[in-house]
>>> print(open('input11.cif').read())   # mmCIF, C-alpha atoms
data_work
loop_
_atom_site.group_PDB
_atom_site.id
_atom_site.type_symbol
_atom_site.label_atom_id
_atom_site.label_comp_id
_atom_site.auth_asym_id
_atom_site.auth_seq_id
_atom_site.Cartn_x
_atom_site.Cartn_y
_atom_site.Cartn_z
ATOM 1 C CA MET A 1 10.719 4.416 -18.520
ATOM 2 C CA LYS A 2 12.077 4.089 -14.995
ATOM 3 C CA ASN A 3 15.407 2.435 -14.474
ATOM 4 C CA ASN A 4 15.562 -0.905 -12.695
ATOM 5 C CA ASP A 5 17.482 0.465 -9.694
ATOM 6 C CA GLU A 6 14.750 2.996 -8.941
ATOM 7 C CA THR A 7 12.049 0.347 -9.378
ATOM 8 C CA ARG A 8 13.848 -2.018 -6.992
ATOM 9 C CA SER A 9 14.416 0.799 -4.534
ATOM 10 C CA LYS A 10 10.718 1.777 -4.570
ATOM 11 C CA ARG A 11 9.666 -1.851 -4.179
ATOM 12 C CA SER A 12 12.006 -2.223 -1.215
ATOM 13 C CA TYR A 13 10.732 1.022 0.345
ATOM 14 C CA VAL A 14 7.090 -0.070 0.003
ATOM 15 C CA THR A 15 7.897 -3.499 1.429
ATOM 16 C CA LYS A 16 9.593 -1.990 4.477
ATOM 17 C CA MET A 17 6.700 0.436 4.999
ATOM 18 C CA MET A 18 4.137 -2.350 4.865
ATOM 19 C CA LEU A 19 6.093 -4.576 7.234
ATOM 20 C CA GLU A 20 6.418 -1.707 9.698
ATOM 21 C CA LEU A 21 2.656 -1.176 9.553
ATOM 22 C CA GLY A 22 2.208 -4.863 10.309
ATOM 23 C CA VAL A 23 0.783 -6.177 7.043
ATOM 24 C CA PRO A 24 1.475 -9.932 7.198
ATOM 25 C CA ALA A 25 3.632 -10.974 4.237
ATOM 26 C CA HIS A 26 1.991 -14.389 3.938
ATOM 27 C CA LEU A 27 -1.370 -12.922 2.879
ATOM 28 C CA LYS A 28 -2.225 -12.556 -0.805
ATOM 29 C CA GLY A 29 -3.445 -9.059 -0.033
ATOM 30 C CA TYR A 30 0.085 -8.081 0.966
ATOM 31 C CA HIS A 31 1.332 -8.689 -2.573
ATOM 32 C CA TYR A 32 -1.702 -6.972 -4.072
ATOM 33 C CA ILE A 33 -1.264 -3.904 -1.840
ATOM 34 C CA ARG A 34 2.425 -3.638 -2.723
ATOM 35 C CA THR A 35 1.593 -3.835 -6.428
ATOM 36 C CA ALA A 36 -1.229 -1.299 -6.023
ATOM 37 C CA VAL A 37 0.991 1.161 -4.163
ATOM 38 C CA LEU A 38 3.745 0.911 -6.773
ATOM 39 C CA MET A 39 1.272 1.352 -9.646
ATOM 40 C CA THR A 40 -0.476 4.238 -7.899
ATOM 41 C CA SER A 41 2.741 6.024 -6.956
ATOM 42 C CA ASP A 42 3.495 6.217 -10.689
ATOM 43 C CA ASP A 43 -0.065 7.291 -11.600
ATOM 44 C CA MET A 44 -2.226 8.745 -8.808
ATOM 45 C CA GLU A 45 -5.266 8.665 -11.109
ATOM 46 C CA MET A 46 -5.410 4.913 -10.479
ATOM 47 C CA VAL A 47 -6.621 5.479 -6.922
ATOM 48 C CA SER A 48 -9.647 7.426 -8.111
ATOM 49 C CA SER A 49 -10.832 4.402 -10.033
ATOM 50 C CA VAL A 50 -9.785 1.359 -8.051
ATOM 51 C CA THR A 51 -12.622 -0.910 -9.156
ATOM 52 C CA LYS A 52 -12.440 0.004 -12.840
ATOM 53 C CA LEU A 53 -8.671 0.297 -13.335
ATOM 54 C CA LEU A 54 -6.516 -0.744 -10.397
ATOM 55 C CA TYR A 55 -8.101 -4.022 -9.262
ATOM 56 C CA PRO A 56 -8.546 -5.389 -12.802
ATOM 57 C CA ASP A 57 -4.909 -4.559 -13.665
ATOM 58 C CA ILE A 58 -3.657 -6.297 -10.528
ATOM 59 C CA ALA A 59 -6.010 -9.237 -11.129
ATOM 60 C CA LYS A 60 -4.597 -9.673 -14.623
ATOM 61 C CA GLN A 61 -1.022 -9.724 -13.292
ATOM 62 C CA PHE A 62 -1.879 -12.333 -10.649
ATOM 63 C CA LYS A 63 -4.339 -14.322 -12.804
ATOM 64 C CA THR A 64 -7.338 -13.804 -10.530
ATOM 65 C CA THR A 65 -10.434 -11.582 -10.405
ATOM 66 C CA GLY A 66 -10.829 -7.961 -9.375
ATOM 67 C CA GLN A 67 -13.265 -9.012 -6.645
ATOM 68 C CA LYS A 68 -10.720 -11.385 -5.126
ATOM 69 C CA VAL A 69 -8.070 -8.660 -5.245
ATOM 70 C CA GLU A 70 -10.400 -6.210 -3.461
ATOM 71 C CA ARG A 71 -11.331 -8.752 -0.784
ATOM 72 C CA ALA A 72 -7.721 -9.849 -0.182
ATOM 73 C CA ILE A 73 -6.586 -6.224 0.167
ATOM 74 C CA ARG A 74 -9.437 -5.482 2.573
ATOM 75 C CA ASN A 75 -8.517 -8.543 4.637
ATOM 76 C CA ALA A 76 -4.809 -7.634 4.777
ATOM 77 C CA ILE A 77 -5.629 -4.091 5.896
ATOM 78 C CA GLU A 78 -8.050 -5.402 8.519
ATOM 79 C CA VAL A 79 -5.489 -7.858 9.905
ATOM 80 C CA SER A 80 -2.794 -5.184 10.069
ATOM 81 C CA TRP A 81 -5.243 -2.754 11.673
ATOM 82 C CA GLN A 82 -6.141 -5.268 14.386
ATOM 83 C CA ARG A 83 -2.710 -6.781 15.051
ATOM 84 C CA GLY A 84 -0.200 -4.385 13.519
ATOM 85 C CA ASN A 85 1.925 -1.537 14.789
ATOM 86 C CA MET A 86 -0.576 1.021 16.095
ATOM 87 C CA ASP A 87 2.063 3.732 16.486
ATOM 88 C CA ALA A 88 3.067 3.368 12.837
ATOM 89 C CA MET A 89 -0.612 3.319 11.779
ATOM 90 C CA GLU A 90 -1.351 6.468 13.734
ATOM 91 C CA GLU A 91 1.706 8.210 12.315
ATOM 92 C CA MET A 92 0.876 7.179 8.742
ATOM 93 C CA PHE A 93 -2.887 7.698 8.777
ATOM 94 C CA GLY A 94 -3.375 10.226 11.559
ATOM 95 C CA PHE A 95 -5.900 8.172 13.440
ATOM 96 C CA SER A 96 -5.902 4.946 15.351
ATOM 97 C CA ALA A 97 -8.229 2.228 16.507
ATOM 98 C CA ALA A 98 -8.258 3.949 19.917
ATOM 99 C CA THR A 99 -9.974 7.043 18.471
ATOM 100 C CA GLY A 100 -12.992 4.956 17.551
ATOM 101 C CA LYS A 101 -12.533 5.707 13.878
ATOM 102 C CA GLY A 102 -12.462 2.569 11.766
ATOM 103 C CA ARG A 103 -9.635 1.343 9.638
ATOM 104 C CA PRO A 104 -8.852 3.208 6.424
ATOM 105 C CA THR A 105 -10.627 2.082 3.275
ATOM 106 C CA ASN A 106 -8.654 0.228 0.614
ATOM 107 C CA SER A 107 -8.458 3.423 -1.458
ATOM 108 C CA GLU A 108 -7.327 5.550 1.501
ATOM 109 C CA TYR A 109 -4.705 3.012 2.478
ATOM 110 C CA ILE A 110 -3.286 2.641 -1.022
ATOM 111 C CA ALA A 111 -3.385 6.404 -1.684
ATOM 112 C CA ARG A 112 -1.616 7.250 1.578
ATOM 113 C CA LEU A 113 1.174 4.746 1.005
ATOM 114 C CA ALA A 114 1.545 5.821 -2.636
ATOM 115 C CA ASP A 115 1.726 9.459 -1.535
ATOM 116 C CA GLU A 116 4.433 8.549 0.972
ATOM 117 C CA VAL A 117 6.432 6.874 -1.812
ATOM 118 C CA GLN A 118 6.009 9.876 -4.126
ATOM 119 C CA MET A 119 7.079 12.325 -1.438
ATOM 120 C CA HIS A 120 10.091 10.214 -0.477
ATOM 121 C CA TYR A 121 11.339 9.863 -4.039
ATOM 122 C CA SER A 122 10.633 13.442 -5.081
ATOM 123 C CA GLY A 123 12.692 14.760 -2.180
ATOM 124 C CA ASP A 124 9.882 17.152 -1.228
ATOM 125 C CA TYR A 125 10.314 16.395 2.427
ATOM 126 C CA PRO A 126 12.587 14.170 4.437
ATOM 127 C CA ARG A 127 10.828 11.173 5.896
ATOM 128 C CA LYS A 128 12.104 8.487 8.149
ATOM 129 C CA GLU A 129 13.705 5.457 6.637
ATOM 130 C CA TYR A 130 11.919 2.188 7.254
ATOM 131 C CA LYS A 131 13.931 -0.608 8.795
#
>>> encode(input="input11.cif", output="structure tokens")
Amino acid sequence: MKNNDETRSKRSYVTKMMLELGVPAHLKGYHYIRTAVLMTSDDMEMVSSVTKLLYPDIAKQFKTTGQKVERAIRNAIEVSWQRGNMDAMEEMFGFSAATGKGRPTNSEYIARLADEVQMHYSGDYPRKEYK
């Protein structure tokens, strides 16, 4: 079991990352993404089965449905992709709206952020600190 300090630290790190990317904190999808990233960073298998495992688990926590979780996450990613920090998006995902490639899928987005959290906390490589 993880200690509370590490859990709080990870939560804070994910929050800062998401705010830098431009995910609006007032959207339900923001809270769902943060929960998904934290769950996935502890168990990367979750991202390979988002509709069967991840969304239902999040839905249970927030007393809603998996479909509403999926839609809210998609909306939050779309809003951040359209209005967010394009430099941060390009750095995180390696492509931008300018390249003509669409926004990342929910799974790609969650997996990339979860991977960033894992790498940061494992000490495998130094990454920038989010403000």
>>> resolve_selection(input="input11.cif", expression="the PyMOL selection byres ((chain A and resi 57-60) around 12)", output="compact mmCIF listing (two decimals) with C-alpha atoms, in the coordinates of the input")
# COMPACT_ATOMS: atom_id res chain seq x y z
CA LYS A 28 -2.22 -12.56 -0.80
CA GLY A 29 -3.44 -9.06 -0.03
CA HIS A 31 1.33 -8.69 -2.57
CA TYR A 32 -1.70 -6.97 -4.07
CA ILE A 33 -1.26 -3.90 -1.84
CA ARG A 34 2.42 -3.64 -2.72
CA THR A 35 1.59 -3.84 -6.43
CA ALA A 36 -1.23 -1.30 -6.02
CA VAL A 37 0.99 1.16 -4.16
CA LEU A 38 3.74 0.91 -6.77
CA MET A 39 1.27 1.35 -9.65
CA THR A 40 -0.48 4.24 -7.90
CA MET A 46 -5.41 4.91 -10.48
CA SER A 49 -10.83 4.40 -10.03
CA VAL A 50 -9.78 1.36 -8.05
CA THR A 51 -12.62 -0.91 -9.16
CA LYS A 52 -12.44 0.00 -12.84
CA LEU A 53 -8.67 0.30 -13.34
CA LEU A 54 -6.52 -0.74 -10.40
CA TYR A 55 -8.10 -4.02 -9.26
CA PRO A 56 -8.55 -5.39 -12.80
CA GLN A 61 -1.02 -9.72 -13.29
CA PHE A 62 -1.88 -12.33 -10.65
CA LYS A 63 -4.34 -14.32 -12.80
CA THR A 64 -7.34 -13.80 -10.53
CA THR A 65 -10.43 -11.58 -10.40
CA GLY A 66 -10.83 -7.96 -9.38
CA GLN A 67 -13.26 -9.01 -6.64
CA LYS A 68 -10.72 -11.38 -5.13
CA VAL A 69 -8.07 -8.66 -5.24
CA GLU A 70 -10.40 -6.21 -3.46
CA ARG A 71 -11.33 -8.75 -0.78
CA ALA A 72 -7.72 -9.85 -0.18
CA ILE A 73 -6.59 -6.22 0.17
>>> resolve_selection(input="input11.cif", expression="the PyMOL selection byres ((chain A and resi 16-26) around 7)", output="PyMOL selection string")
chain A and resi 12-15+27-28+30+76-77+80+84-85+88-89+130-131
>>> atom_distance(input="input11.cif", atom1="atom CA of A:Ala111", atom2="atom CA of A:Val47")
6.2 Å
>>> axis_aligned_box(input="input11.cif", around="stretch 29-37 of chain A", padding_each_side="6 Å", output="lines of an AutoDock Vina configuration file")
center_x = -0.5
center_y = -3.9
center_z = -2.7
size_x = 17.9
size_y = 22.2
size_z = 19.4
>>> closest_residue(input="input11.cif", among="A:Ser9, A:Asp87, A:Gln82, A:Met44", to="A:Arg112", atoms="all atoms listed in the file")
A:Met44
>>> atom_distance(input="input11.cif", atom1="atom CA of A:Asp115", atom2="atom CA of A:Ser41")
6.5 Å
>>> closest_residue(input="input11.cif", among="A:Ala114, A:Gly123, A:Tyr109, A:Pro104", to="A:Asp43", atoms="only C-alpha atoms")
A:Ala114
>>> atom_distance(input="input11.cif", atom1="atom CA of A:Arg83", atom2="atom CA of A:His120")
26.3 Å
